There are 4 protein chains.
Amino acid sequence: MYHDLHFAFNLPMHRGSHLVDDADLRKKGVTRIYDILFAYEDVLMETDRRLRKILVRPEFQKEMGTREFYHHLGRVMNEYEEKNNLGEVSILAAAYRHGIPVFTSSPGDSTIGMNVAGLELLAEAAGLKDLFKLKINPSKDVNDSTAIILNAKRYEHGKTAVILIGGGSPKNFMLQTEPQIQEVLMIPEVGQDYDINVTDARPDTGGLSGAPPSEAASWGKIDPTKLEETVTAYLDVTVAFPLMVAYVRQTTRPKKQKRLYHRGQELHEKLMQSYLENNREVEQLKNLIKKLSAKPTGKEE
Amino acid sequence: MYHDLHFAFNLPMHRGSHLVDDADLRKKGVTRIYDILFAYEDVLMETDRRLRKILVRPEFQKEMGTREFYHHLGRVMNEYEEKNNLGEVSILAAAYRHGIPVFTSSPGDSTIGMNVAGLELLAEAAGLKDLFKLKINPSKDVNDSTAIILNAKRYEHGKTAVILIGGGSPKNFMLQTEPQIQEVLMIPEVGQDYDINVTDARPDTGGLSGAPPSEAASWGKIDPTKLEETVTAYLDVTVAFPLMVAYVRQTTRPKKQKRLYHRGQELHEKLMQSYLENNREVEQLKNLIKKLSAKPTGKEE
Amino acid sequence: MYHDLHFAFNLPMHRGSHLVDDADLRKKGVTRIYDILFAYEDVLMETDRRLRKILVRPEFQKEMGTREFYHHLGRVMNEYEEKNNLGEVSILAAAYRHGIPVFTSSPGDSTIGMNVAGLELLAEAAGLKDLFKLKINPSKDVNDSTAIILNAKRYEHGKTAVILIGGGSPKNFMLQTEPQIQEVLMIPEVGQDYDINVTDARPDTGGLSGAPPSEAASWGKIDPTKLEETVTAYLDVTVAFPLMVAYVRQTTRPKKQKRLYHRGQELHEKLMQSYLENNREVEQLKNLIKKLSAKPTGKEE
Amino acid sequence: MYHDLHFAFNLPMHRGSHLVDDADLRKKGVTRIYDILFAYEDVLMETDRRLRKILVRPEFQKEMGTREFYHHLGRVMNEYEEKNNLGEVSILAAAYRHGIPVFTSSPGDSTIGMNVAGLELLAEAAGLKDLFKLKINPSKDVNDSTAIILNAKRYEHGKTAVILIGGGSPKNFMLQTEPQIQEVLMIPEVGQDYDINVTDARPDTGGLSGAPPSEAASWGKIDPTKLEETVTAYLDVTVAFPLMVAYVRQTTRPKKQKRLYHRGQELHEKLMQSYLENNREVEQLKNLIKKLSAKPTGKEE
């Protein structure tokens with residue numbers, strides 16, 4: 001999501017080639033992402049400078065998940081888009097406008113996470129720890145993403161689908177919502193109804209990135225009775241995604257937006273309620289937590 | 001790291017085949033990771049039950065990075081290993097014994113993160129929020145991993161190397177330590193000295209997983225003057241890693257352990273000190289943070 | 001091209017799955033090509049039986065290249081298509097009707113080549129060697145494919161393009177036409193004008209299948225001044241080819257067919273003429289060949 | 001096999017990089033195979049010049065398969081190796097010395113095939129067709145490779161194995177020996193006993209290069225009862241092959257050489273004999289061939 005900011009800030013990115021001399025690029029102050037080239041000082045460092053000023057705004061001073069963090073950031077990007085008269089160039093701004101929740105499973109990994117960490121370091125070094133209150137809590141994202149699936153299936157009796165582009169940590173993060181419901185929260189459920197994977201990773205490497213929908217079914221991530229409807233395409237996303245979008249736009253009518261971001265609190269409460277109603281360990285775990293009151297908390301060795 | 005727990009707990013994993021009927025596996029209560037099979041109830045659910053009881057121990061009741069979190073978990077796994085007379089089977093236990101810091105860039109993604117989130121949900125639902133204090137703060141990991149590199153190069157005048165197996169979020173998390181030093185903290189540095197990548201992802205997909213060391217050099221992640229010494233092997237890690245380990249064991253003598261985990265506080269202070277000495281924005285950012293004291297903090301819409 | 005015959009013969013092929021038990025398939029007499037299933041006896045063996053009867057027809061009793069061989073086979077497939085009222089199902093039949101030359105670089109590899117070899121073996125075993133005269137001469141194909149390129153560029157002053165789907169031996173066979181002109185026949189030329197590769201093989205394996213157009217330029221296969229116009233797509237052909245065909249059909253008008261098959265003799269004579277005019281070794285090689293008349297021919301040890 | 005000649009001729013090849021400017025290489029007369037660089041004029045053209053003089057030697061003036069062709073070429077390479085005091089540098093020379101048959105499935109594809117075709121063109125153009133008698137007959141290779149497998153299993157009651165490095169046409173050529181025995185010649189057999197594939201092609205592309213041993217079993221290429229002993233490694237051959245060779249050398253003693261090249265005639269006769277004894281169509285096909293005597297042979301349209 002960091003690179004989305006360059007677009008909203010209207011900082012120039014250039015299409016070049018991946019066949020370049022990178023030692024030379026570094027000397028000339030040019031940074032490369034495959035075949036995209038941009039200035040280290042005027043784009044990368046400038047984006048960081050602007051980002052840091054945004055991160056010390058009051059609305060960021062709290063503990064939150066990335067769902068809420070990206071919403072606040074999306075609001076600022078939306079302002080930049082409008083102010084710069086850019087049309088629609090930022091994904092975060094679009095998600096903000098349409099109330100679409102955006103999550104990351106690895107909040108510390110990216111220049112956004114680096115700058116959050118940098119400000120926390122400064123606040124500590126400068127004795128201002130109590131004023132800079134931004135903390136990303138990954139547990140909120142685990143529960144908030146899970147609440148969306150639970151609500152769709154258990155409360156609205158609908159169907160759910162995951163569209164997975166690429167693999168790695170984001171893939172599992174999306175797929176673990178069902179095991180979170182069934183295995184950890186112990187709420188009876190049967191897995192996602194549809195699963196579209198676009199990947200170039202193969203199953204034989206043994207990794208998650210290439211794991212096909214059938215493997216996910218053995219975990220309860222995907223409804224095993226619907227395996228025949230799952231699809232895996234070994235394709236570059238730059239080919240697959242335009243084809244999928246073009247198909248959807250040609251064959252379906254616009255639907256009413258769900259604006260799920262704005263239903264965060266409602267979904268969270270439903271998740272807690274289902275948990276309390278179904279979890280077989282609630283009493284045991286409550287007792288264990290209560291015992292903590294008597295004990296001193298942990299210290300790092 | 002979640003699957004490391006099965007070994008320390010002495011719960012049985014079986015080598016099978018990836019050519020199996022996953023709907024049938026699900027019916028029979030068997031879970032699959034490529035060609036590894038294990039029982040859903042007696043392994044997966046049992047691991048979770050034990051894990052939850054560990055996570056409510058006193059030493060886990062604090063805000064921490066995964067560096068510290070895995071250290072506490074490693075101590076418990078070490079106890080299980082010893083108690084069960086298992087020999088060396090757990091990576092976390094070994095890291096604990098040798099004082100090796102372990103990080104993850106995506107703390108919410110994995111069954112460990114799911115159970116942390118589940119306990120946080122329960123504590124809130126049961127009105128026990130103040131007692132269950134475990135929170136993972138990714139910013140700590142960003143700064144703690146960065147502090148290791150800074151210390152090695154700036155304070156101990158040594159060399160640094162990254163060995164990257166696979167890609168995705170962990171790859172960038174390791175590589176971003178240098179940009180964190182140079183770009184965010186603004187401490188003069190020139191990038192890692194050695195970079196070994198073992199991957200099956202190719203550069204032409206444009207993603208980070210396949211990005212070669214040269215692309216990293218254009219970001220200052222790798223010292224561009226040392227690009228000729230970098231190595232990328234398109235190999236399955238199950239072939240590459242044993243070859244590398246065998247080579248190292250045959251050609252080098254044991255070295256004194258660095259036990260970097262136990263130097264966490266020292267490295268953290270060096271990082272803060274270098275930051276304050278070098279960062280050109282310290283005063284500006286301090287002033288921005290100070291202004292926060294007058295304002296109300298953010299509220300979710 | 002062997003599997004093209006099943007379609008013209010109207011023998012049933014079934015779409016199945018690649019996740020099947022092949023030992024079981026073999027027991028049940030089913031043969032598999034990835035996810036295509038067909039009967040061993042009624043499809044595979046039946047195709048062979050019909051093919052053998054075709055191969056002993058008089059028009060096949062001669063030495064020829066695969067260009068001519070496939071033309072005769074295409075005529076028979078065209079008859080089957082018409083007789084069975086099948087519409088257009090056979091590639092060889094379509095090539096026959098439109099006068100398009102079809103080549104293979106590996107005539108012995110495929111069930112067609114196996115049956116040609118089987119008949120040659122029978123003819124020898126039965127003392128009928130003089131009657132069964134079908135011999136595939138690969139040199140004819142090398143020269144006939146080269147003659148097409150030479151004619152297009154040198155005699156018709158046009159441009160040439162290669163569309164390469166996949167890699168292996170067919171890829172080099174198409175690309176070697178320019179080196180055959182420049183290096184072996186010593187006729188001045190500069191390489192193909194356009195080169196479209198659709199492949200999933202990567203350059204880093206070092207093999208030809210993944211070699212990009214630029215490598216071909218260093219051989220004179222591709223005009224090096226036109227490298228910027230070359231395209232390599234790492235894509236499954238089942239995605240790439242329909243997109244390419246749809247684009248061509250939507251953006252161009254039908255052209256007059258070249259019917260190059262029927263110009264075989266004319267192109268062959270132009271190739272000989274250019275060779276005699278340009279080759280610097282003609283006299284030397286003629287003298288070496290003339291000396292052969294005095295010597296006994298080779299014997300296998 | 002063409003590039004094997006450079007080594008025996010002692011013409012210099014250089015290790016370079018694949019990250020070079022190929023238009024520039026072409027201008028400077030340098031040819032590239034991935035990261036190997038060599039001179040166009042002094043290596044490529046010089047190899048061709050020497051090769052053409054070899055191909056007009058008397059022992060090459062006959063119709064043969066590549067099995068015999070490479071044997072004659074190997075004898076010449078062996079002379080070069082000895083004369084130039086090079087040690088063992090040529091694969092063809094080594095195969096010659098040890099009586100190992102070498103086959104190619106695509107004789108026209110390669111600079112060797114190009115030069116054979118060039119000489120045939122010259123002989124025709126110069127009216128010397130009767131003197132230059134070298135013709136590659138792929139049917140001989142199909143039958144000669146098949147005869148090796150048949151002899152090992154049916155006459156010597158041994159076991160057979162295929163070691164397949166890479167895919168494409170050579171892969172099928174080796175594997176089709178069993179279908180040639182069972183399907184075309186109709187001799188009862190059950191497929192190869194061992195099958196080791198080293199490849200980076202995946203089954204999901206649907207192509208032969210990535211087809212696993214199980215798919216081969218459905219064709220009778222591999223004995224389906226031995227599927228569990230087959231191995232596929234998705235590995236670069238430069239890693240896999242040295243490991244395999246080192247393992248074999250460390251764990252086995254030298255065996256008596258089979259010198260199969262020199263048993264060509266014996267194996268061929270056994271193949272004919274088994275064919276006549278088992279084939280159910282012998283009489284029918286003999287009759288069809290006999291009828292050819294009355295008819296004129298084919299003419300190209």
# chains A, B, ... in the order shown; residues from 1 in each chain; ligands from 1
call {"tool": "residues_around", "arguments": {"residues": "B:Ser110", "least_positions_apart": "2", "cutoff": "9 Å", "atoms": "only C-alpha atoms", "output": "compact mmCIF listing (two decimals) with N, CA and C atoms, in the first residue's frame"}}
result
# COMPACT_ATOMS: atom_id res chain seq x y z
N SER A 169 2.01 -14.62 2.80
CA SER A 169 1.27 -14.34 4.01
C SER A 169 -0.15 -13.82 3.76
N ASN A 172 -2.68 -16.80 3.24
CA ASN A 172 -3.12 -17.52 4.43
C ASN A 172 -4.00 -16.64 5.31
N PHE A 173 -3.67 -15.36 5.37
CA PHE A 173 -4.43 -14.45 6.22
C PHE A 173 -5.92 -14.45 5.83
N GLN A 176 -7.37 -18.07 6.61
CA GLN A 176 -7.44 -18.53 8.01
C GLN A 176 -8.71 -18.04 8.71
N MET B 1 6.01 -20.88 12.54
CA MET B 1 6.51 -21.38 13.83
C MET B 1 5.47 -22.24 14.56
N TYR B 2 4.18 -22.06 14.19
CA TYR B 2 3.12 -22.84 14.83
C TYR B 2 3.40 -24.34 14.71
N SER B 106 4.62 -11.16 10.08
CA SER B 106 3.16 -11.20 9.97
C SER B 106 2.59 -11.93 11.18
N PRO B 107 2.60 -11.24 12.33
CA PRO B 107 2.26 -11.94 13.59
C PRO B 107 0.82 -12.42 13.65
N GLY B 108 -0.10 -11.78 12.91
CA GLY B 108 -1.49 -12.21 12.98
C GLY B 108 -1.78 -13.40 12.08
N ILE B 112 -0.80 -19.37 15.70
CA ILE B 112 -0.39 -18.68 16.91
C ILE B 112 -1.11 -17.33 16.99
N GLY B 113 -1.02 -16.55 15.92
CA GLY B 113 -1.68 -15.25 15.89
C GLY B 113 -3.19 -15.38 16.06
N MET B 114 -3.77 -16.44 15.52
CA MET B 114 -5.21 -16.66 15.64
C MET B 114 -5.60 -16.88 17.11
N ASN B 115 -4.77 -17.63 17.85
CA ASN B 115 -5.09 -17.90 19.25
C ASN B 115 -4.85 -16.68 20.14
call {"tool": "interface_residues", "arguments": {"of": "chain D", "to": "chain A", "cutoff": "9 Å", "atoms": "only C-alpha atoms", "output": "list in words"}}
result
Leu19, Val20, Arg202, Asp204, Thr205 and Tyr234 of chain D
call {"tool": "select_by_dssp", "arguments": {"residues": "stretch 54-300 of chain B", "states": "helix (DSSP H, G or I)", "output": "PyMOL selection string"}}
result
chain B and resi 54-55+58-60+66-83+91-98+111-125+138-155+168-175+177-184+203-205+213-217+224-229+237-251+260-278+282-294
call {"tool": "write_last_selection", "arguments": {"atoms": "C-alpha atoms", "output": "CSV table (one decimal), in the first residue's frame"}}
result
chain,number,residue,atom,x,y,z
B,54,ILE,CA,0.7,-21.2,27.6
B,55,LEU,CA,-0.4,-17.8,26.3
B,58,PRO,CA,2.2,-14.3,33.4
B,59,GLU,CA,5.4,-13.8,31.2
B,60,PHE,CA,3.2,-13.3,28.2
B,66,THR,CA,7.7,-11.3,18.1
B,67,ARG,CA,11.4,-11.3,19.1
B,68,GLU,CA,10.5,-11.5,22.7
B,69,PHE,CA,7.3,-13.5,22.2
B,70,TYR,CA,9.1,-16.3,20.5
B,71,HIS,CA,11.8,-16.3,23.2
B,72,HIS,CA,9.2,-16.9,25.9
B,73,LEU,CA,7.5,-19.6,23.7
B,74,GLY,CA,10.9,-21.1,23.0
B,75,ARG,CA,11.5,-21.5,26.8
B,76,VAL,CA,8.3,-23.5,27.1
B,77,MET,CA,9.1,-25.6,24.1
B,78,ASN,CA,12.6,-26.3,25.6
B,79,GLU,CA,10.9,-27.5,28.8
B,80,TYR,CA,8.6,-29.9,26.7
B,81,GLU,CA,11.6,-31.2,24.8
B,82,GLU,CA,13.5,-32.0,28.0
B,83,LYS,CA,10.5,-33.4,29.8
B,91,ILE,CA,13.5,-24.8,16.3
B,92,LEU,CA,12.1,-22.4,18.8
B,93,ALA,CA,13.6,-24.4,21.7
B,94,ALA,CA,17.0,-24.3,20.0
B,95,ALA,CA,16.8,-20.6,19.3
B,96,TYR,CA,15.9,-20.1,23.0
B,97,ARG,CA,18.9,-22.1,24.2
B,98,HIS,CA,21.4,-20.3,21.9
B,111,THR,CA,-2.5,-20.3,14.2
B,112,ILE,CA,-0.4,-18.7,16.9
B,113,GLY,CA,-1.7,-15.3,15.9
B,114,MET,CA,-5.2,-16.7,15.6
B,115,ASN,CA,-5.1,-17.9,19.2
B,116,VAL,CA,-3.6,-14.6,20.5
B,117,ALA,CA,-6.6,-12.9,18.8
B,118,GLY,CA,-9.0,-15.4,20.2
B,119,LEU,CA,-7.9,-14.8,23.7
B,120,GLU,CA,-8.1,-11.0,23.2
B,121,LEU,CA,-11.6,-11.4,22.0
B,122,LEU,CA,-12.5,-13.6,25.0
B,123,ALA,CA,-11.0,-11.2,27.4
B,124,GLU,CA,-13.0,-8.3,25.9
B,125,ALA,CA,-16.2,-10.4,25.8
B,138,PRO,CA,5.2,-4.9,15.0
B,139,SER,CA,7.1,-1.7,15.4
B,140,LYS,CA,9.3,-3.2,18.0
B,141,ASP,CA,10.3,-5.9,15.5
B,142,VAL,CA,11.1,-3.4,12.8
B,143,ASN,CA,13.4,-1.5,15.2
B,144,ASP,CA,14.9,-4.6,16.9
B,145,SER,CA,15.8,-6.2,13.6
B,146,THR,CA,17.3,-3.0,12.4
B,147,ALA,CA,19.3,-2.5,15.5
B,148,ILE,CA,21.1,-5.8,14.9
B,149,ILE,CA,22.4,-4.7,11.5
B,150,LEU,CA,23.3,-1.2,12.7
B,151,ASN,CA,25.3,-2.6,15.6
B,152,ALA,CA,27.2,-5.0,13.4
B,153,LYS,CA,28.2,-2.4,10.9
B,154,ARG,CA,28.4,0.9,12.7
B,155,TYR,CA,29.5,-0.2,16.2
B,168,GLY,CA,7.1,-12.9,0.3
B,169,SER,CA,6.8,-10.7,3.3
B,170,PRO,CA,9.7,-12.3,5.3
B,171,LYS,CA,12.1,-11.5,2.5
B,172,ASN,CA,11.4,-7.8,2.5
B,173,PHE,CA,11.3,-7.7,6.3
B,174,MET,CA,14.9,-8.8,6.4
B,175,LEU,CA,16.0,-6.6,3.6
B,177,THR,CA,16.6,-3.1,7.8
B,178,GLU,CA,19.0,-1.1,5.7
B,179,PRO,CA,16.4,1.3,4.2
B,180,GLN,CA,15.1,1.7,7.8
B,181,ILE,CA,18.6,2.8,8.8
B,182,GLN,CA,19.3,5.0,5.7
B,183,GLU,CA,15.9,6.3,4.6
B,184,VAL,CA,13.8,6.5,7.8
B,203,PRO,CA,12.1,-11.7,-11.6
B,204,ASP,CA,9.8,-11.4,-14.7
B,205,THR,CA,6.7,-11.8,-12.5
B,213,PRO,CA,19.9,-8.8,-5.4
B,214,SER,CA,20.6,-6.2,-8.0
B,215,GLU,CA,17.1,-4.7,-7.6
B,216,ALA,CA,17.7,-4.6,-3.9
B,217,ALA,CA,20.9,-2.6,-4.5
B,224,PRO,CA,25.9,-1.9,-4.8
B,225,THR,CA,29.7,-2.2,-5.0
B,226,LYS,CA,29.4,-5.8,-3.9
B,227,LEU,CA,26.8,-7.0,-6.4
B,228,GLU,CA,29.2,-9.4,-8.0
B,229,GLU,CA,29.4,-11.4,-4.8
B,237,VAL,CA,15.2,-25.2,-0.4
B,238,THR,CA,15.2,-28.9,0.5
B,239,VAL,CA,18.0,-29.4,-1.9
B,240,ALA,CA,19.8,-26.1,-1.4
B,241,PHE,CA,19.9,-25.8,2.4
B,242,PRO,CA,21.4,-29.2,3.2
B,243,LEU,CA,24.1,-28.5,0.6
B,244,MET,CA,24.9,-25.2,2.2
B,245,VAL,CA,24.9,-26.5,5.7
B,246,ALA,CA,27.1,-29.5,4.7
B,247,TYR,CA,29.5,-27.1,3.0
B,248,VAL,CA,29.7,-24.8,6.0
B,249,ARG,CA,30.2,-27.7,8.5
B,250,GLN,CA,32.9,-29.2,6.4
B,251,THR,CA,34.8,-26.0,5.7
B,260,LEU,CA,22.1,-11.5,20.2
B,261,TYR,CA,18.8,-12.0,21.9
B,262,HIS,CA,20.3,-11.1,25.3
B,263,ARG,CA,21.8,-7.9,23.9
B,264,GLY,CA,18.4,-6.5,22.9
B,265,GLN,CA,18.4,-3.5,25.3
B,266,GLU,CA,22.0,-2.5,24.4
B,267,LEU,CA,21.3,-2.7,20.7
B,268,HIS,CA,18.0,-0.7,21.1
B,269,GLU,CA,19.9,2.1,22.9
B,270,LYS,CA,22.5,2.3,20.2
B,271,LEU,CA,19.8,2.6,17.6
B,272,MET,CA,18.1,5.4,19.4
B,273,GLN,CA,21.4,7.2,19.9
B,274,SER,CA,22.4,7.0,16.2
B,275,TYR,CA,18.9,8.2,15.3
B,276,LEU,CA,19.2,11.3,17.5
B,277,GLU,CA,22.6,12.0,16.2
B,278,ASN,CA,21.8,11.7,12.5
B,282,VAL,CA,14.2,15.2,14.9
B,283,GLU,CA,13.3,18.6,16.0
B,284,GLN,CA,10.5,19.0,13.5
B,285,LEU,CA,8.9,15.7,14.4
B,286,LYS,CA,9.3,16.3,18.2
B,287,ASN,CA,7.4,19.5,17.8
B,288,LEU,CA,4.6,17.8,15.8
B,289,ILE,CA,4.3,15.1,18.5
B,290,LYS,CA,4.3,17.7,21.3
B,291,LYS,CA,1.4,19.4,19.7
B,292,LEU,CA,-0.6,16.2,20.1
B,293,SER,CA,-1.0,16.8,23.8
B,294,ALA,CA,-3.5,19.5,23.2
call {"tool": "select_by_dssp", "arguments": {"residues": "stretch 207-295 of chain D", "states": "strand (DSSP E or B)", "output": "compact mmCIF listing (two decimals) with all heavy atoms, in the first residue's frame"}}
result
# COMPACT_ATOMS: atom_id res chain seq x y z
N ILE D 222 5.84 -46.83 -18.66
CA ILE D 222 6.42 -47.21 -17.37
C ILE D 222 5.55 -48.31 -16.78
O ILE D 222 4.33 -48.24 -16.84
CB ILE D 222 6.41 -45.98 -16.41
CG1 ILE D 222 7.12 -44.79 -17.04
CG2 ILE D 222 7.01 -46.34 -15.05
CD1 ILE D 222 8.58 -45.01 -17.30
N VAL D 231 10.76 -41.38 -9.63
CA VAL D 231 11.18 -40.15 -8.98
C VAL D 231 11.08 -39.00 -9.96
O VAL D 231 11.48 -39.14 -11.12
CB VAL D 231 12.65 -40.27 -8.51
CG1 VAL D 231 13.17 -38.94 -7.99
CG2 VAL D 231 12.79 -41.35 -7.46
N THR D 232 10.51 -37.88 -9.55
CA THR D 232 10.61 -36.65 -10.33
C THR D 232 11.21 -35.57 -9.44
O THR D 232 10.73 -35.35 -8.34
CB THR D 232 9.22 -36.17 -10.81
OG1 THR D 232 8.63 -37.19 -11.59
CG2 THR D 232 9.35 -34.91 -11.66
N ALA D 233 12.27 -34.94 -9.91
CA ALA D 233 12.88 -33.84 -9.16
C ALA D 233 12.76 -32.56 -9.99
O ALA D 233 13.19 -32.54 -11.13
CB ALA D 233 14.34 -34.14 -8.88
N TYR D 234 12.11 -31.53 -9.41
CA TYR D 234 12.02 -30.24 -10.09
C TYR D 234 13.29 -29.47 -9.76
O TYR D 234 13.35 -28.74 -8.77
CB TYR D 234 10.78 -29.48 -9.64
CG TYR D 234 9.52 -30.18 -10.07
CD1 TYR D 234 8.77 -30.92 -9.18
CD2 TYR D 234 9.11 -30.13 -11.39
CE1 TYR D 234 7.62 -31.59 -9.58
CE2 TYR D 234 7.97 -30.80 -11.82
CZ TYR D 234 7.24 -31.52 -10.90
OH TYR D 234 6.11 -32.18 -11.31
call {"tool": "residues_around", "arguments": {"residues": "stretch 33-40 of chain A", "least_positions_apart": "4", "cutoff": "7 Å", "atoms": "only C-alpha atoms", "output": "ChimeraX atom specification"}}
result
/A:12-18,29,44-45 /B:206,215
call {"tool": "atom_distance", "arguments": {"atom1": "atom CA of B:Asp109", "atom2": "atom CA of A:Met186"}}
result
18.2 Å
call {"tool": "decode", "arguments": {"residues": "stretch 63-78 of chain B", "atoms": "N, CA and C atoms", "output": "PDB file, in the first residue's frame"}}
result
ATOM      1  N   GLU B  63       3.002  -5.925  26.257  1.00  0.00           N
ATOM      2  CA  GLU B  63       3.183  -5.582  24.849  1.00  0.00           C
ATOM      3  C   GLU B  63       4.610  -5.957  24.465  1.00  0.00           C
ATOM      4  N   MET B  64       4.731  -6.677  23.368  1.00  0.00           N
ATOM      5  CA  MET B  64       6.094  -7.051  22.952  1.00  0.00           C
ATOM      6  C   MET B  64       6.132  -7.270  21.441  1.00  0.00           C
ATOM      7  N   GLY B  65       7.364  -7.353  20.917  1.00  0.00           N
ATOM      8  CA  GLY B  65       7.563  -7.769  19.531  1.00  0.00           C
ATOM      9  C   GLY B  65       7.612  -9.283  19.471  1.00  0.00           C
ATOM     10  N   THR B  66       7.631  -9.819  18.254  1.00  0.00           N
ATOM     11  CA  THR B  66       7.694 -11.280  18.149  1.00  0.00           C
ATOM     12  C   THR B  66       9.063 -11.783  18.590  1.00  0.00           C
ATOM     13  N   ARG B  67      10.092 -10.939  18.558  1.00  0.00           N
ATOM     14  CA  ARG B  67      11.414 -11.315  19.064  1.00  0.00           C
ATOM     15  C   ARG B  67      11.293 -11.844  20.495  1.00  0.00           C
ATOM     16  N   GLU B  68      10.613 -11.060  21.336  1.00  0.00           N
ATOM     17  CA  GLU B  68      10.474 -11.471  22.734  1.00  0.00           C
ATOM     18  C   GLU B  68       9.435 -12.586  22.877  1.00  0.00           C
ATOM     19  N   PHE B  69       8.347 -12.459  22.124  1.00  0.00           N
ATOM     20  CA  PHE B  69       7.282 -13.460  22.188  1.00  0.00           C
ATOM     21  C   PHE B  69       7.820 -14.870  21.903  1.00  0.00           C
ATOM     22  N   TYR B  70       8.592 -15.000  20.819  1.00  0.00           N
ATOM     23  CA  TYR B  70       9.126 -16.320  20.465  1.00  0.00           C
ATOM     24  C   TYR B  70      10.149 -16.803  21.496  1.00  0.00           C
ATOM     25  N   HIS B  71      10.826 -15.875  22.150  1.00  0.00           N
ATOM     26  CA  HIS B  71      11.783 -16.281  23.178  1.00  0.00           C
ATOM     27  C   HIS B  71      11.047 -16.945  24.344  1.00  0.00           C
ATOM     28  N   HIS B  72       9.953 -16.338  24.786  1.00  0.00           N
ATOM     29  CA  HIS B  72       9.175 -16.941  25.866  1.00  0.00           C
ATOM     30  C   HIS B  72       8.593 -18.294  25.427  1.00  0.00           C
ATOM     31  N   LEU B  73       8.092 -18.324  24.188  1.00  0.00           N
ATOM     32  CA  LEU B  73       7.526 -19.574  23.684  1.00  0.00           C
ATOM     33  C   LEU B  73       8.622 -20.639  23.565  1.00  0.00           C
ATOM     34  N   GLY B  74       9.809 -20.216  23.140  1.00  0.00           N
ATOM     35  CA  GLY B  74      10.938 -21.141  23.017  1.00  0.00           C
ATOM     36  C   GLY B  74      11.322 -21.743  24.366  1.00  0.00           C
ATOM     37  N   ARG B  75      11.217 -20.954  25.436  1.00  0.00           N
ATOM     38  CA  ARG B  75      11.548 -21.485  26.751  1.00  0.00           C
ATOM     39  C   ARG B  75      10.585 -22.618  27.117  1.00  0.00           C
ATOM     40  N   VAL B  76       9.307 -22.404  26.820  1.00  0.00           N
ATOM     41  CA  VAL B  76       8.321 -23.452  27.119  1.00  0.00           C
ATOM     42  C   VAL B  76       8.571 -24.694  26.246  1.00  0.00           C
ATOM     43  N   MET B  77       8.869 -24.478  24.982  1.00  0.00           N
ATOM     44  CA  MET B  77       9.131 -25.627  24.104  1.00  0.00           C
ATOM     45  C   MET B  77      10.372 -26.386  24.565  1.00  0.00           C
ATOM     46  N   ASN B  78      11.353 -25.650  25.053  1.00  0.00           N
ATOM     47  CA  ASN B  78      12.552 -26.284  25.587  1.00  0.00           C
ATOM     48  C   ASN B  78      12.213 -27.185  26.788  1.00  0.00           C
TER      49      ASN B  78
END
